[in-house]
Structures are given as C-alpha cells and as structure tokens.
>>> print(open('model.txt').read())   # compact mmCIF, C-alpha atoms
# COMPACT_ATOMS: atom_id res chain seq x y z
CA MET I 249 0.00 0.00 0.00
CA LEU I 250 2.83 2.39 0.76
CA SER I 251 4.67 1.84 -2.48
CA GLU I 252 3.27 3.73 -5.42
CA PRO I 253 1.86 1.22 -7.92
CA ARG I 254 3.38 1.31 -11.39
CA SER I 255 -0.14 1.56 -12.78
CA GLY I 256 -0.59 4.75 -10.76
CA ARG I 257 2.49 6.37 -12.26
CA LEU I 258 1.53 5.30 -15.77
CA ALA I 259 -2.03 6.59 -15.42
CA ALA I 260 -1.16 9.86 -13.68
CA TRP I 261 1.67 10.93 -15.98
CA GLY I 262 0.04 9.39 -19.03
CA ASN I 263 -3.03 11.53 -18.35
CA ALA I 264 -0.88 14.64 -18.02
CA LEU I 265 0.84 13.80 -21.30
CA LEU I 266 -2.44 13.14 -23.12
CA ALA I 267 -3.71 16.50 -21.87
CA GLY I 268 -0.57 18.28 -23.12
CA LEU I 269 0.54 19.30 -19.62
CA VAL I 270 3.93 17.56 -19.66
CA SER I 271 6.43 16.58 -22.33
CA PRO I 272 6.82 12.96 -23.48
CA ASP I 273 10.34 12.82 -22.05
CA ASP I 274 9.24 14.04 -18.61
CA ALA I 275 6.26 11.69 -18.54
CA VAL I 276 8.25 8.61 -19.52
CA LEU I 277 11.11 9.43 -17.16
CA THR I 278 8.71 9.66 -14.22
CA ILE I 279 6.73 6.56 -15.19
CA VAL I 280 9.87 4.43 -15.45
CA GLY I 281 11.21 5.79 -12.16
CA GLU I 282 13.91 3.53 -10.73
CA ASP I 283 13.18 0.70 -13.18
CA ALA I 284 15.58 0.07 -16.04
CA VAL I 285 13.08 0.15 -18.88
CA HIS I 286 9.36 -0.18 -19.66
CA ARG I 287 7.97 -1.63 -22.89
CA VAL I 288 4.45 -2.23 -24.20
CA GLU I 289 3.59 -5.51 -25.93
CA GLY I 290 0.49 -6.34 -27.95
CA LEU I 291 -0.28 -2.76 -28.98
CA PRO I 292 -2.56 -2.65 -32.05
CA GLY I 293 -0.52 -1.92 -35.16
CA GLU I 294 2.78 -3.04 -33.65
CA SER I 295 4.39 -6.42 -34.33
CA GLY I 296 6.49 -6.45 -31.17
CA PRO I 297 7.24 -4.62 -27.93
CA VAL I 298 7.71 -0.84 -28.20
CA GLY I 299 8.94 1.88 -25.84
CA LEU I 300 6.62 3.96 -23.71
CA THR I 301 6.97 7.12 -25.77
CA LEU I 302 5.82 5.39 -28.96
CA ALA I 303 3.16 3.43 -27.06
CA LEU I 304 1.56 6.50 -25.49
CA GLY I 305 1.54 8.24 -28.85
CA ARG I 306 -0.09 5.22 -30.48
CA LEU I 307 -2.72 5.02 -27.76
CA ARG I 308 -3.58 8.66 -28.38
CA ALA I 309 -3.91 7.91 -32.11
CA LEU I 310 -6.22 5.01 -31.26
CA GLY I 311 -8.57 7.41 -29.48
CA VAL I 312 -7.40 7.06 -25.89
CA SER I 313 -8.15 10.30 -24.01
CA GLY I 314 -7.47 9.14 -20.45
CA LEU I 315 -6.14 6.33 -18.28
CA ARG I 316 -7.73 4.74 -15.21
CA VAL I 317 -6.18 2.54 -12.52
CA ALA I 318 -7.40 -0.82 -11.26
CA LEU I 319 -6.05 -2.36 -8.02
CA PRO I 320 -7.88 -5.69 -7.74
CA ALA I 321 -7.52 -8.22 -4.94
CA PRO I 322 -9.06 -11.68 -4.49
CA GLY I 323 -12.81 -11.25 -4.27
CA HIS I 324 -12.58 -7.55 -5.08
CA PRO I 325 -12.23 -6.65 -8.81
CA LEU I 326 -11.60 -2.99 -7.96
CA GLY I 327 -11.50 -0.82 -11.08
CA LEU I 328 -12.01 -3.69 -13.54
CA SER I 329 -14.75 -4.11 -16.12
CA GLY I 330 -13.83 -7.40 -17.82
CA PRO I 331 -13.53 -9.55 -19.78
CA PRO I 332 -12.49 -12.48 -17.54
CA ASP I 333 -9.11 -12.95 -19.26
CA PHE I 334 -8.07 -9.37 -18.60
CA ASN I 335 -9.43 -9.46 -15.07
CA ALA I 336 -7.46 -12.63 -14.31
CA ARG I 337 -4.19 -11.13 -15.52
CA ALA I 338 -4.84 -7.91 -13.62
CA LEU I 339 -5.65 -9.85 -10.46
CA ASP I 340 -2.43 -11.83 -10.81
CA ALA I 341 -0.46 -8.57 -11.16
CA GLU I 342 -2.62 -6.84 -8.50
CA GLU I 343 -2.87 -3.79 -10.75
CA ALA I 344 -3.73 -2.62 -14.26
CA VAL I 345 -4.42 0.46 -16.35
CA VAL I 346 -7.69 0.74 -18.29
CA CYS I 347 -7.90 3.13 -21.24
CA HIS I 348 -10.72 5.63 -21.64
CA GLY I 349 -11.73 6.19 -25.26
CA ALA I 350 -10.58 2.79 -26.58
CA ALA I 351 -11.36 -0.73 -25.36
CA LEU I 352 -7.82 -1.49 -24.24
CA GLY I 353 -6.07 -2.19 -20.98
CA LEU I 354 -2.48 -2.60 -19.82
CA VAL I 355 -1.20 -5.13 -17.28
CA PRO I 356 2.42 -5.00 -16.05
CA GLU I 357 4.74 -7.97 -15.87
CA VAL I 358 7.91 -7.34 -13.88
CA TYR I 359 11.24 -9.04 -14.56
CA GLU I 360 14.11 -8.82 -12.07
CA ALA I 361 17.71 -9.92 -12.54
CA GLY I 362 21.02 -9.35 -10.79
CA PRO I 363 22.45 -9.73 -7.29
CA ASP I 364 21.07 -8.11 -4.15
CA GLY I 365 21.78 -4.40 -4.19
CA ASP I 366 22.10 -4.31 -7.97
CA VAL I 367 18.78 -5.64 -9.20
CA HIS I 368 17.89 -4.80 -12.79
CA VAL I 369 14.12 -4.32 -13.23
CA GLU I 370 12.34 -4.39 -16.57
CA VAL I 371 8.58 -4.00 -17.01
CA VAL I 372 6.51 -5.25 -19.93
CA TRP I 373 2.99 -3.85 -20.16
CA HIS I 374 0.71 -6.33 -21.93
CA CYS I 375 -1.93 -4.51 -23.98
CA LEU I 376 -5.20 -6.44 -24.04
CA ALA I 377 -8.83 -5.93 -25.00
CA VAL I 378 -11.20 -4.79 -22.25
CA ARG I 379 -14.94 -4.47 -21.94
CA GLU I 380 -16.30 -0.93 -22.18
CA ALA I 381 -18.27 -0.70 -18.95
CA PRO I 382 -18.11 1.26 -15.68
CA PRO I 383 -15.19 0.16 -13.46
CA ALA I 384 -16.11 -1.96 -10.46
CA ASP I 385 -16.53 -0.43 -6.99
CA VAL I 386 -14.70 2.88 -7.56
CA PRO I 387 -16.02 5.64 -5.25
CA SER I 388 -16.12 9.34 -5.95
CA LEU I 389 -13.41 11.47 -4.38
CA GLY I 390 -15.88 12.79 -1.82
CA GLU I 391 -16.99 9.29 -0.84
CA ALA I 392 -13.38 8.12 -0.65
CA GLU I 393 -12.37 11.00 1.61
CA ARG I 394 -15.23 10.35 4.03
CA GLU I 395 -14.58 6.61 4.09
CA LEU I 396 -10.86 7.14 4.66
CA ALA I 397 -11.39 9.38 7.67
CA GLU I 398 -13.44 6.64 9.30
CA ALA I 399 -10.96 3.95 8.19
CA LEU I 400 -8.10 5.86 9.80
CA ARG I 401 -9.95 5.92 13.10
CA GLU I 402 -10.80 2.24 12.79
CA ALA I 403 -7.22 1.27 11.97
CA THR I 404 -5.90 3.17 14.98
CA GLU I 405 -8.47 1.54 17.27
CA VAL I 406 -7.74 -1.94 15.89
CA LEU I 407 -4.00 -1.59 16.38
CA SER I 408 -4.50 -0.35 19.93
CA ARG I 409 -6.95 -3.12 20.77
CA LEU I 410 -4.67 -5.83 19.38
CA ASP I 411 -1.66 -4.26 21.09
CA VAL I 412 0.26 -3.76 17.87
CA ALA I 413 3.34 -1.72 18.65
CA GLY I 414 2.92 1.85 17.50
CA SER I 415 6.42 2.77 18.58
CA GLY I 416 9.81 1.15 18.43
CA PRO I 417 12.51 1.11 15.76
CA VAL I 418 10.59 -0.68 13.00
CA ALA I 419 7.47 1.46 13.32
CA ALA I 420 9.57 4.62 13.65
CA ALA I 421 11.50 3.75 10.50
CA ALA I 422 8.25 3.14 8.60
CA ILE I 423 6.81 6.46 9.73
CA ASP I 424 10.03 8.32 8.85
CA ALA I 425 10.03 6.72 5.40
CA TYR I 426 6.42 7.78 4.87
CA ARG I 427 7.12 11.37 5.89
CA ALA I 428 10.16 11.56 3.61
CA ARG I 429 8.13 10.18 0.73
CA ALA I 430 5.33 12.66 1.38
CA GLU I 431 7.78 15.56 1.31
CA ARG I 432 9.32 14.64 -2.01
CA GLY I 433 6.20 13.16 -3.62
CA ARG I 434 3.89 16.14 -3.82
CA GLU I 435 3.65 15.76 -7.60
CA VAL I 436 2.97 12.03 -7.51
CA LEU I 437 -0.34 12.65 -9.30
CA ALA I 438 1.24 14.80 -12.01
CA PRO I 439 0.11 18.25 -13.21
CA GLY I 440 -3.59 18.63 -13.84
CA TYR I 441 -4.94 16.62 -10.92
CA PRO I 442 -7.33 18.36 -8.49
CA PRO I 443 -5.98 19.15 -5.00
CA ARG I 444 -8.64 16.92 -3.45
CA ALA I 445 -7.21 13.92 -5.30
CA VAL I 446 -3.80 14.65 -3.81
CA ARG I 447 -5.32 14.83 -0.31
CA VAL I 448 -7.18 11.57 -0.79
CA LEU I 449 -4.10 9.76 -2.06
CA GLU I 450 -1.98 11.04 0.83
CA LEU I 451 -4.60 9.95 3.36
CA ALA I 452 -4.85 6.53 1.68
CA GLN I 453 -1.09 6.18 1.99
CA ARG I 454 -1.29 7.12 5.66
CA VAL I 455 -3.88 4.42 6.27
CA GLY I 456 -1.68 2.04 4.32
CA LEU I 457 1.21 2.94 6.61
CA LEU I 458 -0.74 1.85 9.67
CA ILE I 459 -1.69 -1.41 7.97
CA SER I 460 1.93 -2.06 7.01
CA VAL I 461 3.09 -1.40 10.57
CA ALA I 462 0.48 -3.85 11.83
CA TYR I 463 1.66 -6.65 9.53
CA GLU I 464 5.39 -5.96 9.54
CA ASN I 465 6.21 -4.71 13.04
CA GLY I 466 6.47 -8.07 14.73
CA HIS I 467 3.52 -9.72 16.40
CA GLY I 468 2.82 -7.06 19.02
CA GLY I 469 0.31 -8.55 21.43
CA ALA I 470 -1.10 -10.97 18.84
CA VAL I 471 1.04 -13.94 19.79
CA SER I 472 -1.30 -16.77 18.84
CA ALA I 473 -2.43 -17.87 15.40
CA SER I 474 -6.03 -17.03 16.27
CA GLU I 475 -5.06 -13.53 17.41
CA MET I 476 -3.05 -12.93 14.25
CA ALA I 477 -6.02 -14.11 12.21
CA ALA I 478 -8.23 -11.71 14.16
CA ARG I 479 -5.84 -8.87 13.34
CA ALA I 480 -5.97 -9.67 9.63
CA GLU I 481 -9.77 -9.94 9.71
CA ALA I 482 -10.09 -6.59 11.49
CA LEU I 483 -7.74 -4.79 9.11
CA ARG I 484 -9.10 -6.27 5.87
CA PRO I 485 -11.98 -3.77 5.43
CA VAL I 486 -9.63 -0.91 6.30
CA GLU I 487 -7.17 -2.03 3.63
CA ARG I 488 -10.02 -2.36 1.14
CA THR I 489 -11.12 1.22 1.84
CA ALA I 490 -7.59 2.51 1.34
CA ARG I 491 -7.26 0.72 -2.01
CA ARG I 492 -10.61 2.10 -3.19
CA ALA I 493 -9.45 5.59 -2.26
CA GLN I 494 -6.18 5.16 -4.14
CA VAL I 495 -8.08 4.23 -7.29
CA ALA I 496 -10.48 7.15 -6.86
CA ALA I 497 -7.53 9.54 -6.60
CA TYR I 498 -5.71 8.21 -9.65
CA ASN I 499 -8.94 8.15 -11.67
CA ALA I 500 -10.01 11.68 -10.73
CA PHE I 501 -8.45 13.15 -13.87
CA VAL I 502 -10.65 11.05 -16.17
CA GLU I 503 -13.71 11.44 -13.96
CA GLU I 504 -13.45 15.25 -14.14
CA ARG I 505 -13.05 15.10 -17.89
CA GLU I 506 -16.19 12.96 -18.19
CA ARG I 507 -18.13 15.51 -16.13
CA GLY I 508 -16.88 18.32 -18.33
CA VAL I 509 -14.81 19.96 -15.60
CA ARG I 510 -11.72 20.15 -17.82
>>> encode(input="model.txt", output="structure tokens")
Amino acid sequence: MLSEPRSGRLAAWGNALLAGLVSPDDAVLTIVGEDAVHRVEGLPGESGPVGLTLALGRLRALGVSGLRVALPAPGHPLGLSGPPDFNARALDAEEAVVCHGAALGLVPEVYEAGPDGDVHVEVVWHCLAVREAPPADVPSLGEAERELAEALREATEVLSRLDVAGSGPVAAAAIDAYRARAERGREVLAPGYPPRAVRVLELAQRVGLLISVAYENGHGGAVSASEMAARAEALRPVERTARRAQVAAYNAFVEERERGVR
C-alpha cells in the first residue's frame, strides 16, 4: 500500500501527457522511475514490444483520451470491467491500467535480474482488449475522503486493541520513510490533478502505513495464530477502503473530464 503502484504512475503521468501538460520525455522518465526500462507488448498496429513514448503516442492515435487505474484483490475486482481474461491477468499482477476512449487495458509484468543491491528491473505492459463498462466499486473522491477518515480511526483503534506496537525502531522507520516520501512526492499525481485527489491519495497512503506497521512490526500482542487471524480480519476492510481511495484519486483526472470539468 505504501509503495506507489506502477499503474498509478503510468495513469497519472500518461493523463498529463495526453492533456498536453507535460512533455513525453518528462512523462516517460517519471513513469519508469527507478526501473531500467518499460515496454508495451500487444499494442494494435505493432508487431512487437515498443517503448513507452511510442506506445503512449499510439494510444492517443487510437482514441485514448485518459487512463484509469485498477487495483484488484481476491474477491474484489476494484477498477475492472472485464472480460475475464483481462481481469485474471490484472488480479495476478494486483494492478492494471484501463484506457478511456478505446477498449484497451495494460497489465504490467515485472522481470528482475542481478544480485542483491544491484537488481535490474524491466517491465513489460501487456496490452489487451477490455470491456467498455463502468469500473467496479470505484467511489467518488468525496466518498473516498469520508470513508478514509473513518478507516483511519478504525485502523488506529484496531491496532491499539490488538496491542500492535505503535512505537519502536521498526514502526519509527516506517513512519520516517512515509514522511520523507510525502515531502518529495507532492507531484505524484502529475500536473492537472485536483488538490482533493492529492489529499485523498496522501490519506490513503497514511492508512496504508498503519496497515503495514500492523503486519510488519512483529507480532505485538497478537502472539497466537487465532489472534493474528483476528488482526488480519479486522484490518481487511480498512485495507479495502484505502485501495478504493487510491483508485479514486488516480482516476479523478478522467472522472473530471467525463463531467466536463476540464
């Protein structure tokens, strides 16, 4: 939850590029991030994998006017619209990008090679047909913000009740990492996104931080298998709310365009 999904970067900066708010070089550089290279495979009109710059230009030529994010999990096809083949690949990857304006979607496949400390990461985005239908279970920004405020309270209460350590070196390191990321990541949603989307994404990341601390900061007071299962059960709806809010934030650009705001 804390790490920015690759689909989020592709959608956010792809939207800014499609709207003419950033240059192709800046968009691709940000999308690739710390990875070595990104390619797109299966793009209509191309016989093999192509680079992101060419791929985004081709998608525009095919009628794509915006990009949405999907962050599905087992039993929760968040942001997906089908068909089953695409949904299955997106669920396996735990993320996808769905095009607005053309019945296409992109699912990342990540390849890693090299020793620890010098891992070489390449990403291939598989371009596949999608069903043109409303995405599943994506709230409005307003709904997401209200749900997140309640989820943050619930997460805090759950961690306290289960005696999950909210202090200590691991939790402190996680919180410091979050704060550092927030300071340098103010443009994570790219130019053109509404301020409310930025707020919602930041709050979703904060909720995600608490969930990560709960799962990663030792066992806290949940020392038995049944208590650990109870922790997971209590946090599952909170995590679901945070994922829904993430998708709402990333998709706000397209939603505003559909409403005629931009």
>>> closest_residue(input="model.txt", among="I:Ala493, I:Leu315, I:Tyr498, I:Val285", to="Val298 in chain I", atoms="all atoms listed in the file")
I:Val285
>>> residues_around(input="model.txt", residues="Pro253 in chain I", least_positions_apart="3", cutoff="8 Å", atoms="all atoms listed in the file", output="ChimeraX atom specification")
/I:256-257,343
>>> atom_distance(input="model.txt", atom1="CA of Ala303 in chain I", atom2="CA of Ala338 in chain I")
19.3 Å
>>> axis_aligned_box(input="model.txt", around="range 475-486 of chain I", padding_each_side="4 Å", output="lines of an AutoDock Vina configuration file")
center_x = -7.5
center_y = -7.5
center_z = 11.4
size_x = 16.9
size_y = 21.2
size_z = 20.0
>>> closest_residue(input="model.txt", among="I:Val386, I:Ala397, I:Ala438, I:Leu326", to="Val276 in chain I", atoms="all atoms listed in the file")
I:Ala438
>>> residues_around(input="model.txt", residues="range 354-368 of chain I", least_positions_apart="6", cutoff="6 Å", atoms="only C-alpha atoms", output="PyMOL selection string")
chain I and resi 338+344-345+374-375
>>> write_last_selection(input="model.txt", atoms="C-alpha atoms", output="mmCIF file, in the frame of the given file")
data_model
loop_
_atom_site.group_PDB
_atom_site.id
_atom_site.type_symbol
_atom_site.label_atom_id
_atom_site.label_comp_id
_atom_site.auth_asym_id
_atom_site.auth_seq_id
_atom_site.Cartn_x
_atom_site.Cartn_y
_atom_site.Cartn_z
ATOM 1 C CA ALA I 338 -4.840 -7.910 -13.620
ATOM 2 C CA ALA I 344 -3.730 -2.620 -14.260
ATOM 3 C CA VAL I 345 -4.420 0.460 -16.350
ATOM 4 C CA HIS I 374 0.710 -6.330 -21.930
ATOM 5 C CA CYS I 375 -1.930 -4.510 -23.980
#
>>> closest_residue(input="model.txt", among="I:Glu252, I:Leu339, I:Glu405, I:Trp373", to="Gly456 in chain I", atoms="all atoms listed in the file")
I:Glu252
>>> atom_distance(input="model.txt", atom1="CA of Ala480 in chain I", atom2="CA of Val461 in chain I")
12.3 Å
>>> atom_distance(input="model.txt", atom1="CA of Val280 in chain I", atom2="CA of Leu437 in chain I")
14.5 Å
>>> closest_residue(input="model.txt", among="I:Val371, I:Ala496, I:Leu258, I:Val446", to="His286 in chain I", atoms="only C-alpha atoms")
I:Val371
>>> closest_residue(input="model.txt", among="I:Arg401, I:Pro325, I:Leu307, I:Arg492", to="Gly293 in chain I", atoms="only C-alpha atoms")
I:Leu307
>>> residues_around(input="model.txt", residues="Val455 in chain I", least_positions_apart="2", cutoff="8 Å", atoms="all atoms listed in the file", output="list in words")
Leu396, Ala399, Leu400, Ala403, Leu451, Ala452, Gln453, Leu457, Leu458, Ile459, Val486, Glu487 and Ala490 of chain I
>>> closest_residue(input="model.txt", among="I:Leu266, I:Cys347, I:Leu328, I:Leu376", to="Leu291 in chain I", atoms="all atoms listed in the file")
I:Leu376
